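Peer 1: Sharing structure_3.cif below, mmCIF, C-alpha atoms:
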data_coords
loop_
_atom_site.label_atom_id
_atom_site.label_comp_id
_atom_site.auth_asym_id
_atom_site.auth_seq_id
_atom_site.Cartn_x
_atom_site.Cartn_y
_atom_site.Cartn_z
CA MET M 286 2.05 75.46 -93.60
CA SER M 287 0.63 74.71 -90.18
CA ASP M 288 2.95 74.89 -87.19
CA ARG M 289 1.53 71.55 -86.20
CA LEU M 290 3.52 69.94 -89.00
CA LEU M 291 6.69 70.93 -87.13
CA ILE M 292 5.80 68.96 -84.03
CA ASN M 293 6.48 65.24 -84.14
CA LEU M 294 4.27 63.33 -81.76
CA ALA M 295 5.23 59.76 -80.89
CA ILE M 296 2.61 57.34 -79.68
CA LEU M 297 4.53 54.61 -77.90
CA GLY M 298 2.78 51.28 -77.69
CA GLY M 299 0.53 52.92 -80.22
CA THR M 300 -0.96 49.88 -81.92
CA GLY M 301 -3.47 49.22 -79.12
CA LYS M 302 -6.99 50.62 -79.14
CA GLU M 303 -6.25 53.76 -77.11
CA GLY M 304 -3.07 54.47 -79.08
CA GLN M 305 -4.84 54.10 -82.40
CA GLY M 306 -7.66 56.35 -81.22
CA LEU M 307 -5.29 59.10 -80.12
CA ALA M 308 -3.23 58.72 -83.31
CA TYR M 309 -6.38 59.12 -85.41
CA ARG M 310 -7.58 62.23 -83.59
CA LEU M 311 -4.17 63.90 -83.43
CA ALA M 312 -3.37 63.15 -87.09
CA ARG M 313 -6.76 64.54 -88.10
CA ALA M 314 -5.85 67.69 -86.16
CA GLY M 315 -2.78 68.07 -88.35
CA TYR M 316 0.07 66.60 -86.30
CA PRO M 317 2.55 64.17 -87.87
CA ILE M 318 2.40 60.93 -85.86
CA LEU M 319 5.23 58.49 -85.21
CA LEU M 320 3.39 55.32 -84.23
CA GLY M 321 5.68 53.17 -82.12
CA SER M 322 5.45 49.48 -81.31
CA ARG M 323 7.72 46.71 -80.07
CA THR M 324 6.91 45.16 -83.48
CA PRO M 325 7.72 47.63 -86.27
CA ASP M 326 5.85 45.54 -88.86
CA LYS M 327 2.68 45.79 -86.83
CA ALA M 328 3.19 49.54 -86.40
CA ALA M 329 3.58 49.91 -90.19
CA ARG M 330 0.39 47.93 -90.82
CA VAL M 331 -1.65 49.96 -88.30
CA ALA M 332 -0.19 53.21 -89.70
CA ASP M 333 -1.31 52.18 -93.22
CA GLU M 334 -4.83 51.51 -91.97
CA LEU M 335 -5.00 54.86 -90.18
CA ASN M 336 -3.64 56.73 -93.21
CA GLN M 337 -6.27 55.13 -95.43
CA ARG M 338 -8.99 56.28 -93.11
CA LEU M 339 -7.44 59.74 -92.82
CA GLY M 340 -6.99 60.08 -96.58
CA GLN M 341 -3.43 61.32 -96.04
CA ALA M 342 -0.05 59.92 -95.01
CA SER M 343 0.18 61.45 -91.52
CA VAL M 344 1.12 58.36 -89.53
CA ARG M 345 4.39 56.49 -89.81
CA GLY M 346 4.86 53.13 -88.11
CA MET M 347 8.21 52.27 -86.52
CA ALA M 348 9.88 50.71 -83.48
CA ASN M 349 9.17 52.35 -80.14
CA ASP M 350 12.78 53.41 -79.66
CA GLU M 351 12.96 55.08 -83.06
CA ALA M 352 9.68 56.92 -82.40
CA ALA M 353 10.85 57.99 -78.93
CA GLY M 354 14.16 59.22 -80.34
CA ARG M 355 12.64 61.26 -83.18
CA CYS M 356 9.69 62.87 -81.42
CA HIS M 357 9.26 66.17 -79.61
CA ILE M 358 6.47 64.93 -77.36
CA ALA M 359 5.84 61.25 -76.59
CA ILE M 360 2.50 59.74 -75.60
CA LEU M 361 2.60 56.38 -73.82
CA THR M 362 -0.35 54.03 -74.30
CA VAL M 363 0.64 50.62 -72.97
CA PRO M 364 -1.06 48.18 -70.62
CA TYR M 365 0.20 48.66 -67.08
CA GLU M 366 2.29 45.47 -67.08
CA ALA M 367 4.35 46.92 -69.95
CA HIS M 368 4.70 50.37 -68.31
CA ARG M 369 7.97 49.93 -66.41
CA PRO M 370 9.87 47.81 -68.98
CA THR M 371 8.87 50.14 -71.83
CA LEU M 372 10.00 53.25 -69.93
CA GLU M 373 13.26 51.66 -68.77
CA ALA M 374 14.07 50.70 -72.36
CA LEU M 375 13.28 54.18 -73.72
CA LYS M 376 14.68 56.31 -70.89
CA GLU M 377 17.67 57.69 -72.83
CA ARG M 378 15.58 58.53 -75.88
CA LEU M 379 13.10 60.54 -73.81
CA THR M 380 15.65 62.79 -72.11
CA GLY M 381 14.64 66.44 -72.32
CA LYS M 382 11.20 65.62 -73.71
CA VAL M 383 7.62 65.65 -72.47
CA LEU M 384 6.09 62.23 -71.85
CA VAL M 385 2.29 62.11 -71.76
CA ASP M 386 1.42 59.06 -69.69
CA VAL M 387 -2.01 57.61 -70.54
CA THR M 388 -1.40 54.43 -68.54
CA VAL M 389 -4.07 53.21 -66.13
CA PRO M 390 -2.63 50.99 -63.41
CA LEU M 391 -5.03 48.04 -63.42
CA LYS M 392 -4.41 44.65 -61.83
CA PRO M 393 -6.52 42.15 -63.82
CA PRO M 394 -8.88 40.52 -63.14
CA LYS M 395 -9.93 43.23 -60.63
CA ILE M 396 -10.19 45.99 -63.20
CA THR M 397 -13.04 47.75 -61.40
CA THR M 398 -10.98 48.22 -58.22
CA VAL M 399 -8.59 51.16 -58.06
CA TYR M 400 -4.96 50.03 -57.80
CA VAL M 401 -2.50 52.58 -56.41
CA PRO M 402 1.13 51.83 -57.42
CA PRO M 403 3.85 52.22 -54.76
CA ALA M 404 5.03 55.47 -56.37
CA GLY M 405 1.54 56.95 -55.92
CA SER M 406 0.39 56.59 -59.52
CA ALA M 407 1.62 55.21 -62.83
CA ALA M 408 2.58 58.74 -63.86
CA GLN M 409 4.71 59.26 -60.75
CA GLU M 410 6.29 55.86 -61.40
CA ALA M 411 7.15 57.08 -64.90
CA GLN M 412 8.69 60.24 -63.48
CA GLU M 413 10.78 58.16 -61.06
CA ILE M 414 12.02 55.89 -63.85
CA LEU M 415 12.77 58.70 -66.32
CA GLY M 416 14.26 61.14 -63.82
CA PRO M 417 13.91 64.93 -63.70
CA THR M 418 15.15 65.59 -67.25
CA THR M 419 11.88 64.25 -68.68
CA GLN M 420 8.63 66.04 -67.87
CA VAL M 421 5.84 63.55 -67.24
CA VAL M 422 2.26 64.72 -67.72
CA ALA M 423 -0.75 62.47 -67.01
CA ALA M 424 -3.69 62.81 -69.42
CA PHE M 425 -6.32 61.09 -71.59
CA GLN M 426 -6.82 58.07 -69.27
CA ASN M 427 -10.58 58.47 -68.98
CA ILE M 428 -11.40 58.79 -72.69
CA SER M 429 -12.72 55.55 -74.08
CA HIS M 430 -11.11 54.43 -77.33
CA GLU M 431 -14.68 53.89 -78.56
CA HIS M 432 -15.07 57.65 -78.71
CA LEU M 433 -11.59 58.39 -80.09
CA VAL M 434 -11.92 56.18 -83.17
CA GLN M 435 -15.21 57.86 -84.15
CA ASP M 436 -15.64 61.35 -85.52
CA HIS M 437 -18.27 62.59 -83.06
CA PRO M 438 -17.61 65.09 -80.24
CA VAL M 439 -16.28 63.19 -77.21
CA PRO M 440 -18.57 63.39 -74.14
CA CYS M 441 -15.68 63.24 -71.68
CA ASP M 442 -13.34 65.93 -70.35
CA VAL M 443 -9.59 65.45 -69.97
CA LEU M 444 -7.90 66.09 -66.61
CA VAL M 445 -4.23 66.99 -67.07
CA CYS M 446 -1.71 66.63 -64.20
CA GLY M 447 2.00 67.36 -64.18
CA GLY M 448 4.80 68.95 -62.22
CA ASP M 449 5.99 71.30 -64.97
CA ASP M 450 3.73 74.23 -65.86
CA GLU M 451 4.93 74.55 -69.44
CA ALA M 452 4.59 70.83 -70.15
CA ARG M 453 1.08 70.79 -68.67
CA MET M 454 0.09 73.73 -70.88
CA GLN M 455 1.52 72.01 -73.97
CA VAL M 456 -0.58 68.94 -73.27
CA LEU M 457 -3.68 71.07 -72.66
CA GLN M 458 -3.03 72.52 -76.11
CA LEU M 459 -2.96 69.04 -77.65
CA VAL M 460 -6.23 68.25 -75.85
CA ALA M 461 -7.86 71.35 -77.29
CA ALA M 462 -6.42 70.63 -80.74
CA VAL M 463 -8.29 67.33 -80.94
CA GLY M 464 -11.52 69.02 -79.88
CA LEU M 465 -11.63 67.80 -76.29
CA VAL M 466 -12.25 69.88 -73.17
CA GLY M 467 -9.15 69.84 -70.98
CA TRP M 468 -8.63 70.95 -67.39
CA ASP M 469 -5.45 71.79 -65.55
CA ALA M 470 -5.81 69.29 -62.71
CA GLY M 471 -2.67 70.26 -60.82
CA PRO M 472 0.53 68.47 -59.83
CA LEU M 473 1.54 64.94 -60.77
CA GLN M 474 0.45 63.62 -57.33
CA ASN M 475 -3.12 64.24 -58.50
CA ALA M 476 -2.70 61.61 -61.23
CA VAL M 477 -3.85 58.95 -58.72
CA VAL M 478 -7.36 60.39 -59.05
CA VAL M 479 -7.38 60.60 -62.84
CA GLU M 480 -5.90 57.12 -63.32
CA GLY M 481 -8.16 55.58 -60.66
CA LEU M 482 -11.21 57.21 -62.18
CA SER M 483 -10.77 54.86 -65.14
CA ALA M 484 -11.28 51.83 -62.87
CA VAL M 485 -14.37 53.54 -61.40
CA LEU M 486 -15.72 54.22 -64.91
CA ILE M 487 -15.11 50.61 -65.99
CA GLY M 488 -17.12 49.54 -62.95
CA ILE M 489 -19.92 51.96 -63.81
CA ASN M 490 -20.00 50.62 -67.37
CA LYS M 491 -20.44 47.09 -65.99
CA ARG M 492 -22.94 47.85 -63.22
CA TYR M 493 -25.17 50.14 -65.27
CA LYS M 494 -24.72 48.31 -68.59
CA MET M 495 -23.29 51.47 -70.11
CA ARG M 496 -20.69 51.90 -72.82
CA ALA M 497 -17.80 54.32 -72.65
CA ALA M 498 -18.82 56.20 -69.50
CA GLY M 499 -16.84 59.39 -68.97
CA ILE M 500 -16.84 62.55 -66.87
CA ARG M 501 -17.58 66.20 -67.30
CA ILE M 502 -16.50 68.97 -64.97
CA THR M 503 -19.49 71.14 -64.01
CA GLY M 504 -19.69 74.59 -62.52
CA GLU M 505 -19.87 78.19 -63.53
CA GLN M 506 -17.10 78.46 -66.06
CA PRO M 507 -15.52 81.55 -67.50
CA PRO M 508 -15.47 81.80 -71.32
CA ARG M 509 -12.69 79.58 -72.76
CA MET X 58 -46.80 58.70 -42.40
CA SER X 59 -43.67 58.47 -44.48
CA ASP X 60 -41.26 55.61 -43.79
CA ARG X 61 -38.55 58.24 -43.82
CA LEU X 62 -39.75 59.40 -40.42
CA LEU X 63 -38.69 56.02 -39.03
CA ILE X 64 -35.07 56.45 -40.03
CA ASN X 65 -32.93 58.58 -37.75
CA LEU X 66 -29.99 60.08 -39.56
CA ALA X 67 -27.14 61.50 -37.50
CA ILE X 68 -24.85 64.11 -38.97
CA LEU X 69 -21.71 63.99 -36.86
CA GLY X 70 -19.67 67.16 -36.84
CA GLY X 71 -22.78 68.54 -38.47
CA THR X 72 -22.43 72.22 -37.63
CA GLY X 73 -19.90 72.87 -40.41
CA LYS X 74 -20.91 74.01 -43.87
CA GLU X 75 -21.08 70.57 -45.48
CA GLY X 76 -22.95 69.10 -42.50
CA GLN X 77 -25.50 71.90 -42.48
CA GLY X 78 -26.01 71.54 -46.22
CA LEU X 79 -26.64 67.80 -45.99
CA ALA X 80 -28.89 68.28 -42.92
CA TYR X 81 -30.95 70.82 -44.85
CA ARG X 82 -31.37 68.64 -47.93
CA LEU X 83 -32.10 65.43 -45.98
CA ALA X 84 -34.56 67.13 -43.62
CA ARG X 85 -36.33 68.66 -46.59
CA ALA X 86 -36.59 65.14 -48.04
CA GLY X 87 -38.45 64.07 -44.88
CA TYR X 88 -35.78 62.45 -42.71
CA PRO X 89 -35.48 63.33 -39.01
CA ILE X 90 -31.97 64.65 -38.42
CA LEU X 91 -29.85 64.31 -35.29
CA LEU X 92 -27.31 67.06 -35.71
CA GLY X 93 -24.21 66.21 -33.68
CA SER X 94 -21.39 68.44 -32.51
CA ARG X 95 -18.64 68.38 -29.92
CA THR X 96 -20.49 71.44 -28.56
CA PRO X 97 -24.19 70.59 -27.95
CA ASP X 98 -25.12 74.27 -27.55
CA LYS X 99 -23.79 75.05 -30.98
CA ALA X 100 -25.64 72.04 -32.42
CA ALA X 101 -28.89 73.29 -30.84
CA ARG X 102 -28.39 76.78 -32.28
CA VAL X 103 -27.66 75.49 -35.80
CA ALA X 104 -30.63 73.10 -35.56
CA ASP X 105 -32.91 76.02 -34.67
CA GLU X 106 -31.67 77.98 -37.66
CA LEU X 107 -32.22 75.03 -40.00
CA ASN X 108 -35.71 74.36 -38.60
CA GLN X 109 -36.68 77.98 -39.15
CA ARG X 110 -35.57 77.75 -42.74
CA LEU X 111 -37.32 74.41 -43.20
CA GLY X 112 -40.53 75.61 -41.54
CA GLN X 113 -40.67 72.45 -39.46
CA ALA X 114 -38.86 70.93 -36.47
CA SER X 115 -36.95 68.18 -38.30
CA VAL X 116 -33.48 68.79 -36.91
CA ARG X 117 -32.42 68.25 -33.29
CA GLY X 118 -29.04 69.42 -32.06
CA MET X 119 -27.11 67.31 -29.57
CA ALA X 120 -23.66 65.98 -28.67
CA ASN X 121 -21.94 63.78 -31.27
CA ASP X 122 -22.04 60.73 -29.01
CA GLU X 123 -25.75 61.04 -28.35
CA ALA X 124 -26.46 61.47 -32.07
CA ALA X 125 -24.25 58.49 -32.91
CA GLY X 126 -25.94 56.35 -30.28
CA ARG X 127 -29.51 57.14 -31.34
CA CYS X 128 -29.19 57.03 -35.12
CA HIS X 129 -29.67 54.26 -37.66
CA ILE X 130 -27.28 55.72 -40.19
CA ALA X 131 -24.52 58.20 -39.32
CA ILE X 132 -23.00 60.73 -41.71
CA LEU X 133 -19.58 62.10 -40.78
CA THR X 134 -18.70 65.62 -41.93
CA VAL X 135 -15.56 66.72 -40.07
CA PRO X 136 -12.32 68.30 -41.23
CA TYR X 137 -9.68 65.63 -41.79
CA GLU X 138 -7.71 66.52 -38.66
CA ALA X 139 -10.77 65.63 -36.55
CA HIS X 140 -11.45 62.39 -38.44
CA ARG X 141 -9.52 59.86 -36.36
CA PRO X 142 -10.25 61.34 -32.89
CA THR X 143 -13.97 61.66 -33.66
CA LEU X 144 -14.21 58.07 -34.88
CA GLU X 145 -12.18 56.67 -31.98
CA ALA X 146 -14.48 58.47 -29.52
CA LEU X 147 -17.66 57.22 -31.22
CA LYS X 148 -16.59 53.69 -32.13
CA GLU X 149 -18.82 51.87 -29.60
CA ARG X 150 -21.86 53.94 -30.52
CA LEU X 151 -21.50 53.13 -34.20
CA THR X 152 -21.32 49.35 -33.82
CA GLY X 153 -23.71 47.59 -36.20
CA LYS X 154 -24.52 50.80 -38.09
CA VAL X 155 -23.70 52.33 -41.45
CA LEU X 156 -21.26 55.24 -41.39
CA VAL X 157 -21.30 57.52 -44.41
CA ASP X 158 -17.88 59.14 -44.54
CA VAL X 159 -17.86 62.50 -46.31
CA THR X 160 -14.35 63.38 -45.14
CA VAL X 161 -11.83 64.66 -47.66
CA PRO X 162 -8.24 64.07 -46.53
CA LEU X 163 -6.63 67.44 -47.12
CA LYS X 164 -3.32 68.62 -45.69
CA PRO X 165 -3.54 72.43 -45.49
CA PRO X 166 -2.16 74.61 -46.93
CA LYS X 167 -1.77 72.26 -49.94
CA ILE X 168 -5.49 71.75 -50.44
CA THR X 169 -5.22 71.45 -54.20
CA THR X 170 -2.84 68.48 -53.97
CA VAL X 171 -4.33 65.02 -53.44
CA TYR X 172 -3.27 63.52 -50.11
CA VAL X 173 -3.54 59.74 -49.80
CA PRO X 174 -3.72 58.55 -46.15
CA PRO X 175 -1.69 55.49 -45.14
CA ALA X 176 -4.86 53.34 -45.06
CA GLY X 177 -5.51 54.22 -48.73
CA SER X 178 -8.28 56.77 -48.11
CA ALA X 179 -10.07 58.47 -45.22
CA ALA X 180 -12.94 56.01 -45.66
CA GLN X 181 -10.63 52.99 -45.36
CA GLU X 182 -9.07 54.63 -42.30
CA ALA X 183 -12.58 54.90 -40.81
CA GLN X 184 -13.23 51.23 -41.56
CA GLU X 185 -9.94 50.28 -39.86
CA ILE X 186 -10.79 52.34 -36.76
CA LEU X 187 -14.40 51.14 -36.49
CA GLY X 188 -13.75 47.49 -37.35
CA PRO X 189 -15.90 45.11 -39.38
CA THR X 190 -19.12 45.56 -37.34
CA THR X 191 -19.63 49.04 -38.82
CA GLN X 192 -20.18 49.39 -42.56
CA VAL X 193 -18.34 52.41 -43.92
CA VAL X 194 -19.59 53.97 -47.16
CA ALA X 195 -17.84 56.92 -48.83
CA ALA X 196 -20.14 59.51 -50.44
CA PHE X 197 -20.97 63.20 -50.97
CA GLN X 198 -17.35 64.44 -50.90
CA ASN X 199 -17.54 66.27 -54.21
CA ILE X 200 -20.74 68.23 -53.60
CA SER X 201 -20.01 71.81 -52.68
CA HIS X 202 -21.90 73.08 -49.63
CA GLU X 203 -22.74 76.10 -51.78
CA HIS X 204 -25.11 73.89 -53.75
CA LEU X 205 -26.50 71.97 -50.77
CA VAL X 206 -27.69 75.03 -48.87
CA GLN X 207 -29.61 76.29 -51.90
CA ASP X 208 -32.80 74.84 -53.32
CA HIS X 209 -31.67 74.49 -56.92
CA PRO X 210 -30.86 71.15 -58.58
CA VAL X 211 -27.24 70.23 -57.81
CA PRO X 212 -25.00 70.05 -60.91
CA CYS X 213 -22.78 67.32 -59.44
CA ASP X 214 -23.19 63.54 -59.29
CA VAL X 215 -22.40 61.48 -56.17
CA LEU X 216 -20.01 58.54 -56.40
CA VAL X 217 -20.73 55.98 -53.66
CA CYS X 218 -18.09 53.44 -52.57
CA GLY X 219 -18.32 50.74 -49.91
CA GLY X 220 -17.54 47.15 -49.13
CA ASP X 221 -21.07 46.12 -48.17
CA ASP X 222 -23.63 45.89 -50.99
CA GLU X 223 -26.65 46.60 -48.81
CA ALA X 224 -25.05 49.62 -47.13
CA ARG X 225 -24.02 51.02 -50.50
CA MET X 226 -27.57 50.65 -51.79
CA GLN X 227 -28.98 52.37 -48.68
CA VAL X 228 -26.70 55.34 -49.25
CA LEU X 229 -27.61 55.46 -52.95
CA GLN X 230 -31.22 55.67 -51.77
CA LEU X 231 -30.40 58.67 -49.56
CA VAL X 232 -28.64 60.29 -52.51
CA ALA X 233 -31.71 59.84 -54.68
CA ALA X 234 -34.01 61.05 -51.88
CA VAL X 235 -32.29 64.43 -51.82
CA GLY X 236 -32.60 64.74 -55.59
CA LEU X 237 -29.00 63.99 -56.49
CA VAL X 238 -27.75 61.54 -59.11
CA GLY X 239 -25.80 58.73 -57.43
CA TRP X 240 -23.55 56.07 -58.90
CA ASP X 241 -22.40 52.79 -57.41
CA ALA X 242 -18.65 53.40 -57.64
CA GLY X 243 -17.56 50.02 -56.27
CA PRO X 244 -15.53 48.89 -53.26
CA LEU X 245 -14.17 51.09 -50.49
CA GLN X 246 -10.68 51.03 -52.08
CA ASN X 247 -12.14 53.27 -54.80
CA ALA X 248 -12.77 56.02 -52.23
CA VAL X 249 -9.25 57.33 -52.90
CA VAL X 250 -10.52 58.59 -56.25
CA VAL X 251 -13.70 60.19 -54.93
CA GLU X 252 -11.96 61.86 -51.98
CA GLY X 253 -9.02 63.00 -54.10
CA LEU X 254 -11.35 64.40 -56.72
CA SER X 255 -12.32 67.06 -54.19
CA ALA X 256 -8.74 68.36 -54.09
CA VAL X 257 -8.71 68.36 -57.90
CA LEU X 258 -12.01 70.31 -57.97
CA ILE X 259 -10.71 72.84 -55.42
CA GLY X 260 -7.73 73.37 -57.72
CA ILE X 261 -9.99 73.78 -60.75
CA ASN X 262 -12.07 76.37 -58.85
CA LYS X 263 -8.89 78.32 -58.13
CA ARG X 264 -7.23 78.04 -61.54
CA TYR X 265 -10.34 78.78 -63.61
CA LYS X 266 -11.92 81.23 -61.16
CA MET X 267 -14.95 78.97 -60.84
CA ARG X 268 -17.23 78.37 -57.91
CA ALA X 269 -18.40 74.97 -56.73
CA ALA X 270 -17.02 72.89 -59.60
CA GLY X 271 -18.38 69.35 -59.66
CA ILE X 272 -18.56 66.28 -61.90
CA ARG X 273 -21.09 64.48 -63.99
CA ILE X 274 -20.79 60.94 -65.26
CA THR X 275 -21.45 60.82 -69.01
CA GLY X 276 -22.30 57.97 -71.33
CA GLU X 277 -25.22 56.11 -72.73
CA GLN X 278 -27.31 55.47 -69.64
CA PRO X 279 -30.20 53.11 -69.19
CA PRO X 280 -33.42 54.60 -67.81
CA ARG X 281 -33.13 55.15 -64.03
#
Please rewrite the model in this file as structure tokens.

Peer 2:
Amino acid sequence: MSDRLLINLAILGGTGKEGQGLAYRLARAGYPILLGSRTPDKAARVADELNQRLGQASVRGMANDEAAGRCHIAILTVPYEAHRPTLEALKERLTGKVLVDVTVPLKPPKITTVYVPPAGSAAQEAQEILGPTTQVVAAFQNISHEHLVQDHPVPCDVLVCGGDDEARMQVLQLVAAVGLVGWDAGPLQNAVVVEGLSAVLIGINKRYKMRAAGIRITGEQPPR
Amino acid sequence: MSDRLLINLAILGGTGKEGQGLAYRLARAGYPILLGSRTPDKAARVADELNQRLGQASVRGMANDEAAGRCHIAILTVPYEAHRPTLEALKERLTGKVLVDVTVPLKPPKITTVYVPPAGSAAQEAQEILGPTTQVVAAFQNISHEHLVQDHPVPCDVLVCGGDDEARMQVLQLVAAVGLVGWDAGPLQNAVVVEGLSAVLIGINKRYKMRAAGIRITGEQPPR
């Protein structure tokens, strides 16, 4: 039995495109997924669809608070306007856990202009709301859901920021598990760059008529 | 005669590593370079060295204010602590011109942590200091001088941000002229991402024992 079966991953606000994409990739990598939503019925329906595609019952749909309470590591994939209320509602359930914040702070309709939240980034805002007993790690913001829901290799690296070394390493392990190239991008203050890069990439998609632009880190790398 | 000979490019604070690298690449592309420094003697010495390497007298060393006054487009390559005083001293000379800000706001010794200036970015700070008659464009921050001073193709794209469409396009043309891949990265507010990315890349160099890490934009691109 794989150790991965012992780790419950929650995807909170997981019925959106990014959440579904991450659920698909992580379930395929062998992790049991608790797919959370404000609407448990919707979560159950999306979980059924994912399980059919996966050919196995790896994803369970449930309410966000149940998923947050039962998981070891939580991944938050909500639109920015739902970021604060979702975290405030789930704060108790996330105590002592790692929260992977995938949120990109966008202020529609100006989604190609970087918006910097008062806390410095959405991830720092999450850390403020949740307090020091939860370890917030920022990751996955730049990966288009268009890549995640397919089975091809993803042409985009993942920059991982967080204040806690162990939590950052755990998230880098999840990144590697789903076949992506991850980079330790330093402390949580650096999340402003990773989050803002998504607005820059949306702009590049529009201006250059591209789909799913991403980034790669270049340079002389040691063997991984 | 190439049109490039008609365009005077100033590199202000140009005797540092990044300034020398850009001077070398731009001179090699056929642009006359006014290499500015607080110390004109040092500028003259560095210009001589560059001209010897180039095999032609394309670079002239002079004081920053003379270079700023005589150029059509100015490129600023100073350490962050010299950013505000340099711009305040040169404000009059830069009126009506394009300023390409290469400055990365770093707060030593924490050079792997993103620092966000009160104005939002160093480039926005420059725009505030210079006022609306100068068009500030942020570019070239992520390119390591180690690549610029060599003759090999540079494995790092250039993200270009600025509030004025024409100025942004002019800078994208300079980027292409030196053989780099440039991307229109949107308004000047987005400079926080491009500047901060340099701190992230410095951190990646340290953590992964790499040299001169950079970025590439990925995705399905149209022909350029």

Peer 1: Tell me which of X:Gly112, X:Gly236, X:Pro136, X:Gly220 sits closest to chain M, counting all atoms listed in the file.

Peer 2: X:Gly220

Peer 1: Could you build a table of the residues in chain X lying no more than 7 Å from chain M, giving for each the nearest pair of atoms and their separation in Å rounded to one decimal place, using all atoms listed in the file, ordered by chain and ascending residue number, as a tab-separated table?

Peer 2:
residue	atom	partner	partner_atom	distance
X:Thr170	CA	M:Asn475	CA	6.2
X:Val171	CA	M:Asn475	CA	5.3
X:Pro212	CA	M:Thr503	CA	6.4
X:Cys213	CA	M:Thr503	CA	6.8
X:Asp241	CA	M:Ile489	CA	6.9
X:Ala242	CA	M:Val485	CA	5.7
X:Gly243	CA	M:Gly488	CA	6.7
X:Pro244	CA	M:Thr398	CA	6.8
X:Gln246	CA	M:Val399	CA	6.3
X:Asn247	CA	M:Val399	CA	5.3
X:Val250	CA	M:Val478	CA	4.6
X:Gly253	CA	M:Val478	CA	5.8
X:Leu254	CA	M:Val478	CA	6.1
X:Val257	CA	M:Ala470	CA	5.7
X:Gly260	CA	M:Gly471	CA	6.7
X:Ile261	CA	M:Ala470	CA	6.4
X:Met267	CA	M:Glu505	CA	5.7
X:Arg268	CA	M:Glu505	CA	6.2
X:Ala269	CA	M:Gly504	CA	5.9
X:Ala270	CA	M:Gly504	CA	4.3
X:Gly271	CA	M:Thr503	CA	4.8
X:Ile272	CA	M:Ile502	CA	4.6
X:Arg273	CA	M:Arg501	CA	5.1
X:Ile274	CA	M:Ile500	CA	4.6
X:Thr275	CA	M:Gly499	CA	4.8
X:Gly276	CA	M:Ala498	CA	4.3
X:Glu277	CA	M:Met495	CA	5.7
X:Gln278	CA	M:Met495	CA	5.7

Peer 1: Please measure the separation of atom CA of X:Val206 and atom CA of X:Tyr81, giving the value in Å to one decimal.

Peer 2: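 So the two atoms, atom CA of X:Val206 and atom CA of X:Tyr81, lie 6.7 Å apart.
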
Peer 1: What would the selection look like, as a PyMOL selection string, if the PyMOL selection byres ((chain M and resi 332) around 10) were run on the coordinates I just shared?

Peer 2: chain M and resi 299-300+305+308-309+318-321+326-331+333-338+342-347

Peer 1: Which one is closest to M:Ala462: M:Ile292, M:Gly304, M:Arg313, M:Thr380? Count all atoms listed in the file.

Peer 2: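 Selected residue with least distance to M:Ala462: M:Arg313.
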
Peer 1: Which of these residues is nearest to X:Leu83, using all atoms listed in the file: X:Ala124, X:Ala67, X:Leu156, X:Leu147?

Peer 2: X:Ala67

Peer 1: Apply the PyMOL selection byres ((chain M and resi 443) around 8) to the displayed file and report the matching residues as a ChimeraX atom specification.

Peer 2: /M:424-428,441-442,444-445,460,465-468

Peer 1: Go ahead and compute the interatomic distance for atom CA of M:Lys376 and atom CA of M:Leu415, in Å to one decimal.

Peer 2: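 One can read the atom CA of M:Lys376 to atom CA of M:Leu415 distance as 5.5 Å.
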